[in-house]
Amino acid sequence: MSNLVRSRVRAVPTPHAVLPRSRSLLDAEAIAVLHRAAQVLLDDVAGLTTTLVSELREQEPAYRAAIEADATEVWQEVYQSLRHNIASLIRPRESRDIARRTSRSIGAARAEQSVPLDAVLHAFRLGGAMVWQGLVDETARRHPEDIRLLVHVAADVWNFVDEHCALVTEAYRQAERRMAWRRENRLRLMTAALLDGTARITDLPDASAMLELPEDGRFVVIAAASSHPHAPGPLVTLPPGTPVVWHSTPEAELGIVHLMDGPASGPRRCDEDGGDEVGPHESDGAAPQGPADPATVAAGLSAAPGVRVGIGSAVTGLAALGKGRRLAGTALRACPRTGGVVLLDDHLPAAVVVSSPGLGRALAERVLGPLYAIEPADRDLLVDTLTAWLDAEGSAQRAATRLYCHRNTVLNRLRRFEQLTGRSLSRPSDVVEVSLALTARRLLES
């Protein structure tokens with residue numbers, strides 16, 4: 001008769017004291033009771049599975065949807081989990097590893113099916129509670145005198161449930177990270193293909209959905225670069241709510257801006273190094289208004305000190321983003337080395353020069369070559385004066401004000417330039433050549 005049963009019988013005096021059973025003996029008896037009851041549950045694991053699936057349908061909306069979508073799959077998943085976990089209570093060495101693999105597999109599968117983690121953990125705890133209740137009921141029905149022995153293994157059973165909940169959580173989180181990486185990587189590759197002009201026409205609907213951009217919308221591409229590759233903070237800041245997709249490359253930060261008149265969705269990011277995040281940037285919560293044209297983009301854009309920014313011309317359709325990137329790259333090359341923002345539509349002559357650097361250097365050599373025969377200081381003085389005069393739209397007076405000298409000094413320097421180069425600043429064709437040559441010197445000379 002067990003110790004627990006004796007406690008119910010009136011004590012009979014004996015000449016010698018009765019020694020209590022050792023802890024190890026009680027544990028062995030409790031484990032035997034656990035094994036006996038667990039075996040009964042294992043023999044009827046199909047019935048237990050049906051009951052648990054019914055409870056899940058009733059109590060857990062997320063599993064209700066999964067059951068309605070594929071009841072057989074859910075039943076098999078629950079059956080395998082219960083079978084291996086109950087077997088682990090009886091034969092831990094033989095069944096523990098497969099039970100753990102099963103729990104991890106369920107956690108990963110449910111993550112991929114977008115079943116909330118809380119729902120998955122609720123299902124495991126519900127299953128654990130059902131198994132424990134089954135152990136208690138079976139022992140109470142067939143061996144009521146042993147019911148209190150289960151107290152000695154209760155902590156082990158619930159620790160087992162907690163362990164498998166932890167395994168499920170870990171597998172679920174790992175699957176989430178894998179899926180997030182795959183989404184980010186696919187988004188990155190899709191964005192890169194659009195900007196490279198290599199995206200297939202058949203991929204455009206998917207790209208439109210992934211980037212939340214209309215397939216036939218109007219866009220402008222921004223290219224930003226810094227002379228400091230590890231400069232802190234963003235290179236470019238746009239007004240909150242501007243609909244833009246950012247994409248990082250080794251050469252520049254590229255932004256696809258959706259040109260529109262109505263409400264827009266928040267900007268998204270996609271880093272070429274598998275990077276950081278895909279999601280909304282700054283937003284003030286109000287319905288954002290997209291810029292209507294590249295000039296509006298340029299007006300609202302702020303660049304960090306020393307950052308060069310090129311804004312291309314507008315293009316229509318996702319399929320034209322490759323062209324948009326080339327236009328932005330041209331604008332970026334036309335940007336001063338010291339930084340600034342160049343809107344391509346406002347700097348087309350400079351764009352012509354940087355688009356054909358060989359011809360640009362040849363023009364600079366042909367027009368400005370004679371200046372290299374004089375002292376560098378004199379050459380720089382003439383070039384600065386000519387540049388100021390052109391910026392002043394041919395006004396010697398305004399150029400003199402900018403240079404802090406007399407108007408006649410400006411005119412004398414201009415005449416000397418004409419004498420050295422053989423160009424006439426009163427002849428429009430010569431002025432065009434001189435202006436382009438100065439632009440090539442500024443942008444192309446190292």
# chains A, B, ... in the order shown; residues from 1 in each chain; ligands from 1
$ select_by_dssp --residues "range 110-314 of chain A" --states "alpha helix (DSSP H)" --output "count of residues only"
90
$ residues_around --residues "range 150-161 of chain A" --least-positions-apart "5" --cutoff "12 Å" --atoms "only C-alpha atoms" --output "PyMOL selection string"
chain A and resi 4+23-38+81-82+85-86+88-90+92+96+99-100+103+121-140+143-145+166-168
$ residues_around --residues "Asp346 in chain A" --least-positions-apart "6" --cutoff "10 Å" --atoms "only C-alpha atoms" --output "list in words"
Ala295, Ser313 and Ala331 of chain A
$ residues_around --residues "Ser435 in chain A" --least-positions-apart "3" --cutoff "12 Å" --atoms "only C-alpha atoms" --output "PDB file with C-alpha atoms, in the first residue's frame"
ATOM      1  CA  PRO A 349      24.236  72.750 -70.943  1.00  0.00           C
ATOM      2  CA  ALA A 350      26.221  71.316 -68.027  1.00  0.00           C
ATOM      3  CA  VAL A 353      29.220  68.549 -71.081  1.00  0.00           C
ATOM      4  CA  GLY A 360      33.949  68.517 -72.936  1.00  0.00           C
ATOM      5  CA  LEU A 363      36.302  72.002 -75.902  1.00  0.00           C
ATOM      6  CA  ALA A 364      37.871  73.377 -72.721  1.00  0.00           C
ATOM      7  CA  VAL A 367      38.837  77.555 -75.918  1.00  0.00           C
ATOM      8  CA  LEU A 368      40.808  78.024 -72.716  1.00  0.00           C
ATOM      9  CA  VAL A 383      38.445  82.926 -65.387  1.00  0.00           C
ATOM     10  CA  LEU A 386      34.561  85.857 -66.989  1.00  0.00           C
ATOM     11  CA  THR A 387      32.459  83.554 -64.811  1.00  0.00           C
ATOM     12  CA  ALA A 388      31.109  86.487 -62.781  1.00  0.00           C
ATOM     13  CA  TRP A 389      30.270  88.377 -65.995  1.00  0.00           C
ATOM     14  CA  LEU A 390      28.373  85.395 -67.418  1.00  0.00           C
ATOM     15  CA  ASP A 391      26.527  84.880 -64.108  1.00  0.00           C
ATOM     16  CA  GLU A 393      24.081  88.058 -67.659  1.00  0.00           C
ATOM     17  CA  GLY A 394      26.753  90.143 -69.377  1.00  0.00           C
ATOM     18  CA  ARG A 423      37.121  84.752 -78.939  1.00  0.00           C
ATOM     19  CA  LEU A 425      32.332  88.040 -76.184  1.00  0.00           C
ATOM     20  CA  PRO A 428      26.772  84.754 -79.410  1.00  0.00           C
ATOM     21  CA  SER A 429      28.335  81.591 -80.797  1.00  0.00           C
ATOM     22  CA  ASP A 430      31.633  82.401 -79.076  1.00  0.00           C
ATOM     23  CA  VAL A 431      29.836  83.129 -75.804  1.00  0.00           C
ATOM     24  CA  VAL A 432      28.159  79.718 -75.978  1.00  0.00           C
ATOM     25  CA  LEU A 438      34.136  77.067 -68.420  1.00  0.00           C
ATOM     26  CA  THR A 439      31.556  74.490 -67.335  1.00  0.00           C
ATOM     27  CA  ALA A 440      33.781  71.643 -68.581  1.00  0.00           C
ATOM     28  CA  ARG A 441      36.772  73.132 -66.735  1.00  0.00           C
ATOM     29  CA  ARG A 442      34.779  73.369 -63.510  1.00  0.00           C
TER      30      ARG A 442
END
$ atom_distance --atom1 "CA of Arg110 in chain A" --atom2 "CA of Ser95 in chain A"
22.6 Å
$ closest_residue --among "A:Arg83, A:Arg186, A:Arg142, A:Arg218" --to "Asp206 in chain A" --atoms "only C-alpha atoms"
A:Arg186
$ atom_distance --atom1 "CA of Glu77 in chain A" --atom2 "CA of Thr102 in chain A"
8.7 Å
$ closest_residue --among "A:Leu321, A:Leu301, A:Ala351, A:Ile67" --to "Ala192 in chain A" --atoms "only C-alpha atoms"
A:Leu321
$ closest_residue --among "A:Gln39, A:Leu149, A:Ala108, A:Leu117" --to "His84 in chain A" --atoms "only C-alpha atoms"
A:Gln39
$ select_by_dssp --residues "range 102-337 of chain A" --states "strand (DSSP E or B)" --output "count of residues only"
38
$ residues_around --residues "Thr50 in chain A" --least-positions-apart "2" --cutoff "12 Å" --atoms "only C-alpha atoms" --output "PyMOL selection string"
chain A and resi 44-48+52-57+67+71-72+74-79+82+127+130
$ write_last_selection --atoms "N, CA, C and O atoms" --output "PDB file, in the first residue's frame"
ATOM      1  N   ASP A  44      -4.872   6.710 -27.191  1.00  0.00           N
ATOM      2  CA  ASP A  44      -6.052   7.386 -27.749  1.00  0.00           C
ATOM      3  C   ASP A  44      -5.686   8.802 -28.215  1.00  0.00           C
ATOM      4  O   ASP A  44      -6.463   9.737 -28.077  1.00  0.00           O
ATOM      5  N   VAL A  45      -4.484   8.962 -28.772  1.00  0.00           N
ATOM      6  CA  VAL A  45      -4.046  10.289 -29.170  1.00  0.00           C
ATOM      7  C   VAL A  45      -4.911  10.858 -30.287  1.00  0.00           C
ATOM      8  O   VAL A  45      -5.090  12.076 -30.393  1.00  0.00           O
ATOM      9  N   ALA A  46      -5.492  10.016 -31.106  1.00  0.00           N
ATOM     10  CA  ALA A  46      -6.386  10.518 -32.167  1.00  0.00           C
ATOM     11  C   ALA A  46      -7.610  11.178 -31.569  1.00  0.00           C
ATOM     12  O   ALA A  46      -8.040  12.257 -32.022  1.00  0.00           O
ATOM     13  N   GLY A  47      -8.185  10.556 -30.552  1.00  0.00           N
ATOM     14  CA  GLY A  47      -9.350  11.166 -29.901  1.00  0.00           C
ATOM     15  C   GLY A  47      -8.986  12.471 -29.221  1.00  0.00           C
ATOM     16  O   GLY A  47      -9.733  13.468 -29.282  1.00  0.00           O
ATOM     17  N   LEU A  48      -7.818  12.486 -28.563  1.00  0.00           N
ATOM     18  CA  LEU A  48      -7.355  13.708 -27.913  1.00  0.00           C
ATOM     19  C   LEU A  48      -7.115  14.804 -28.949  1.00  0.00           C
ATOM     20  O   LEU A  48      -7.409  15.985 -28.710  1.00  0.00           O
ATOM     21  N   LEU A  52      -8.833  18.508 -29.080  1.00  0.00           N
ATOM     22  CA  LEU A  52      -8.041  19.732 -29.052  1.00  0.00           C
ATOM     23  C   LEU A  52      -8.318  20.603 -30.266  1.00  0.00           C
ATOM     24  O   LEU A  52      -8.433  21.835 -30.152  1.00  0.00           O
ATOM     25  N   VAL A  53      -8.437  20.002 -31.448  1.00  0.00           N
ATOM     26  CA  VAL A  53      -8.749  20.784 -32.649  1.00  0.00           C
ATOM     27  C   VAL A  53     -10.103  21.465 -32.494  1.00  0.00           C
ATOM     28  O   VAL A  53     -10.285  22.628 -32.890  1.00  0.00           O
ATOM     29  N   SER A  54     -11.062  20.753 -31.901  1.00  0.00           N
ATOM     30  CA  SER A  54     -12.382  21.340 -31.661  1.00  0.00           C
ATOM     31  C   SER A  54     -12.278  22.530 -30.709  1.00  0.00           C
ATOM     32  O   SER A  54     -12.924  23.564 -30.911  1.00  0.00           O
ATOM     33  N   GLU A  55     -11.451  22.398 -29.674  1.00  0.00           N
ATOM     34  CA  GLU A  55     -11.256  23.498 -28.730  1.00  0.00           C
ATOM     35  C   GLU A  55     -10.577  24.692 -29.410  1.00  0.00           C
ATOM     36  O   GLU A  55     -10.925  25.845 -29.141  1.00  0.00           O
ATOM     37  N   LEU A  56      -9.617  24.407 -30.261  1.00  0.00           N
ATOM     38  CA  LEU A  56      -8.947  25.487 -30.978  1.00  0.00           C
ATOM     39  C   LEU A  56      -9.918  26.227 -31.889  1.00  0.00           C
ATOM     40  O   LEU A  56      -9.890  27.457 -31.993  1.00  0.00           O
ATOM     41  N   ARG A  57     -10.750  25.480 -32.565  1.00  0.00           N
ATOM     42  CA  ARG A  57     -11.752  26.119 -33.434  1.00  0.00           C
ATOM     43  C   ARG A  57     -12.665  27.022 -32.616  1.00  0.00           C
ATOM     44  O   ARG A  57     -13.053  28.108 -33.054  1.00  0.00           O
ATOM     45  N   ILE A  67      -8.153  26.143 -39.707  1.00  0.00           N
ATOM     46  CA  ILE A  67      -8.915  24.882 -39.762  1.00  0.00           C
ATOM     47  C   ILE A  67      -9.907  24.922 -40.911  1.00  0.00           C
ATOM     48  O   ILE A  67     -10.073  23.941 -41.650  1.00  0.00           O
ATOM     49  N   ALA A  71      -8.541  21.705 -42.767  1.00  0.00           N
ATOM     50  CA  ALA A  71      -8.758  21.005 -41.497  1.00  0.00           C
ATOM     51  C   ALA A  71      -7.829  19.804 -41.360  1.00  0.00           C
ATOM     52  O   ALA A  71      -7.341  19.500 -40.266  1.00  0.00           O
ATOM     53  N   THR A  72      -7.569  19.105 -42.454  1.00  0.00           N
ATOM     54  CA  THR A  72      -6.714  17.917 -42.398  1.00  0.00           C
ATOM     55  C   THR A  72      -5.296  18.268 -41.986  1.00  0.00           C
ATOM     56  O   THR A  72      -4.680  17.581 -41.167  1.00  0.00           O
ATOM     57  N   VAL A  74      -4.254  20.872 -40.204  1.00  0.00           N
ATOM     58  CA  VAL A  74      -4.207  21.246 -38.791  1.00  0.00           C
ATOM     59  C   VAL A  74      -4.342  20.005 -37.910  1.00  0.00           C
ATOM     60  O   VAL A  74      -3.627  19.857 -36.912  1.00  0.00           O
ATOM     61  N   TRP A  75      -5.245  19.093 -38.275  1.00  0.00           N
ATOM     62  CA  TRP A  75      -5.434  17.881 -37.466  1.00  0.00           C
ATOM     63  C   TRP A  75      -4.137  17.065 -37.422  1.00  0.00           C
ATOM     64  O   TRP A  75      -3.720  16.603 -36.350  1.00  0.00           O
ATOM     65  N   GLN A  76      -3.478  16.918 -38.568  1.00  0.00           N
ATOM     66  CA  GLN A  76      -2.235  16.155 -38.608  1.00  0.00           C
ATOM     67  C   GLN A  76      -1.136  16.841 -37.801  1.00  0.00           C
ATOM     68  O   GLN A  76      -0.353  16.185 -37.109  1.00  0.00           O
ATOM     69  N   GLU A  77      -1.094  18.148 -37.867  1.00  0.00           N
ATOM     70  CA  GLU A  77      -0.085  18.890 -37.103  1.00  0.00           C
ATOM     71  C   GLU A  77      -0.291  18.679 -35.610  1.00  0.00           C
ATOM     72  O   GLU A  77       0.666  18.400 -34.868  1.00  0.00           O
ATOM     73  N   VAL A  78      -1.526  18.811 -35.154  1.00  0.00           N
ATOM     74  CA  VAL A  78      -1.828  18.621 -33.729  1.00  0.00           C
ATOM     75  C   VAL A  78      -1.570  17.179 -33.319  1.00  0.00           C
ATOM     76  O   VAL A  78      -1.022  16.910 -32.240  1.00  0.00           O
ATOM     77  N   TYR A  79      -1.947  16.240 -34.182  1.00  0.00           N
ATOM     78  CA  TYR A  79      -1.751  14.820 -33.879  1.00  0.00           C
ATOM     79  C   TYR A  79      -0.265  14.507 -33.681  1.00  0.00           C
ATOM     80  O   TYR A  79       0.115  13.852 -32.702  1.00  0.00           O
ATOM     81  N   LEU A  82       1.022  16.124 -30.369  1.00  0.00           N
ATOM     82  CA  LEU A  82       0.577  15.398 -29.171  1.00  0.00           C
ATOM     83  C   LEU A  82       1.257  14.033 -29.070  1.00  0.00           C
ATOM     84  O   LEU A  82       1.696  13.626 -27.978  1.00  0.00           O
ATOM     85  N   GLY A 127      -3.038  22.627 -25.376  1.00  0.00           N
ATOM     86  CA  GLY A 127      -2.726  21.204 -25.491  1.00  0.00           C
ATOM     87  C   GLY A 127      -2.077  20.670 -24.230  1.00  0.00           C
ATOM     88  O   GLY A 127      -2.390  19.568 -23.763  1.00  0.00           O
ATOM     89  N   MET A 130      -4.688  20.207 -21.630  1.00  0.00           N
ATOM     90  CA  MET A 130      -5.537  19.056 -21.934  1.00  0.00           C
ATOM     91  C   MET A 130      -4.834  17.747 -21.585  1.00  0.00           C
ATOM     92  O   MET A 130      -5.444  16.804 -21.061  1.00  0.00           O
TER      93      MET A 130
END
$ residues_around --residues "Ala223 in chain A" --least-positions-apart "5" --cutoff "8 Å" --atoms "only C-alpha atoms" --output "JSON, numbers by chain"
{"A": [252, 253, 254, 255, 309, 310, 311, 325, 328, 329, 332]}
$ write_last_selection --atoms "N, CA and C atoms" --output "CSV table (one decimal), in the first residue's frame"
chain,number,residue,atom,x,y,z
A,252,ALA,N,25.9,55.9,-54.9
A,252,ALA,CA,25.0,57.0,-54.5
A,252,ALA,C,23.7,56.4,-53.8
A,253,GLU,N,23.1,57.3,-53.1
A,253,GLU,CA,21.7,57.0,-52.6
A,253,GLU,C,20.7,57.4,-53.7
A,254,LEU,N,19.9,56.5,-54.1
A,254,LEU,CA,18.9,56.8,-55.1
A,254,LEU,C,17.5,56.8,-54.5
A,255,GLY,N,16.7,57.8,-55.0
A,255,GLY,CA,15.4,57.9,-54.5
A,255,GLY,C,14.4,58.0,-55.7
A,309,VAL,N,23.7,66.4,-55.0
A,309,VAL,CA,22.4,65.9,-55.3
A,309,VAL,C,22.1,66.2,-56.7
A,310,GLY,N,21.7,65.2,-57.5
A,310,GLY,CA,21.3,65.3,-58.8
A,310,GLY,C,19.8,64.9,-59.0
A,311,ILE,N,19.0,65.7,-59.6
A,311,ILE,CA,17.6,65.4,-59.7
A,311,ILE,C,17.3,65.4,-61.2
A,325,ARG,N,17.1,57.0,-63.8
A,325,ARG,CA,18.3,56.9,-63.0
A,325,ARG,C,19.5,57.5,-63.8
A,328,ALA,N,19.3,61.2,-63.6
A,328,ALA,CA,19.7,61.7,-62.2
A,328,ALA,C,21.3,61.6,-62.1
A,329,GLY,N,21.8,60.5,-62.7
A,329,GLY,CA,23.3,60.4,-62.6
A,329,GLY,C,24.0,61.5,-63.4
A,332,LEU,N,23.8,64.5,-61.3
A,332,LEU,CA,24.8,64.4,-60.2
A,332,LEU,C,26.2,64.8,-60.6
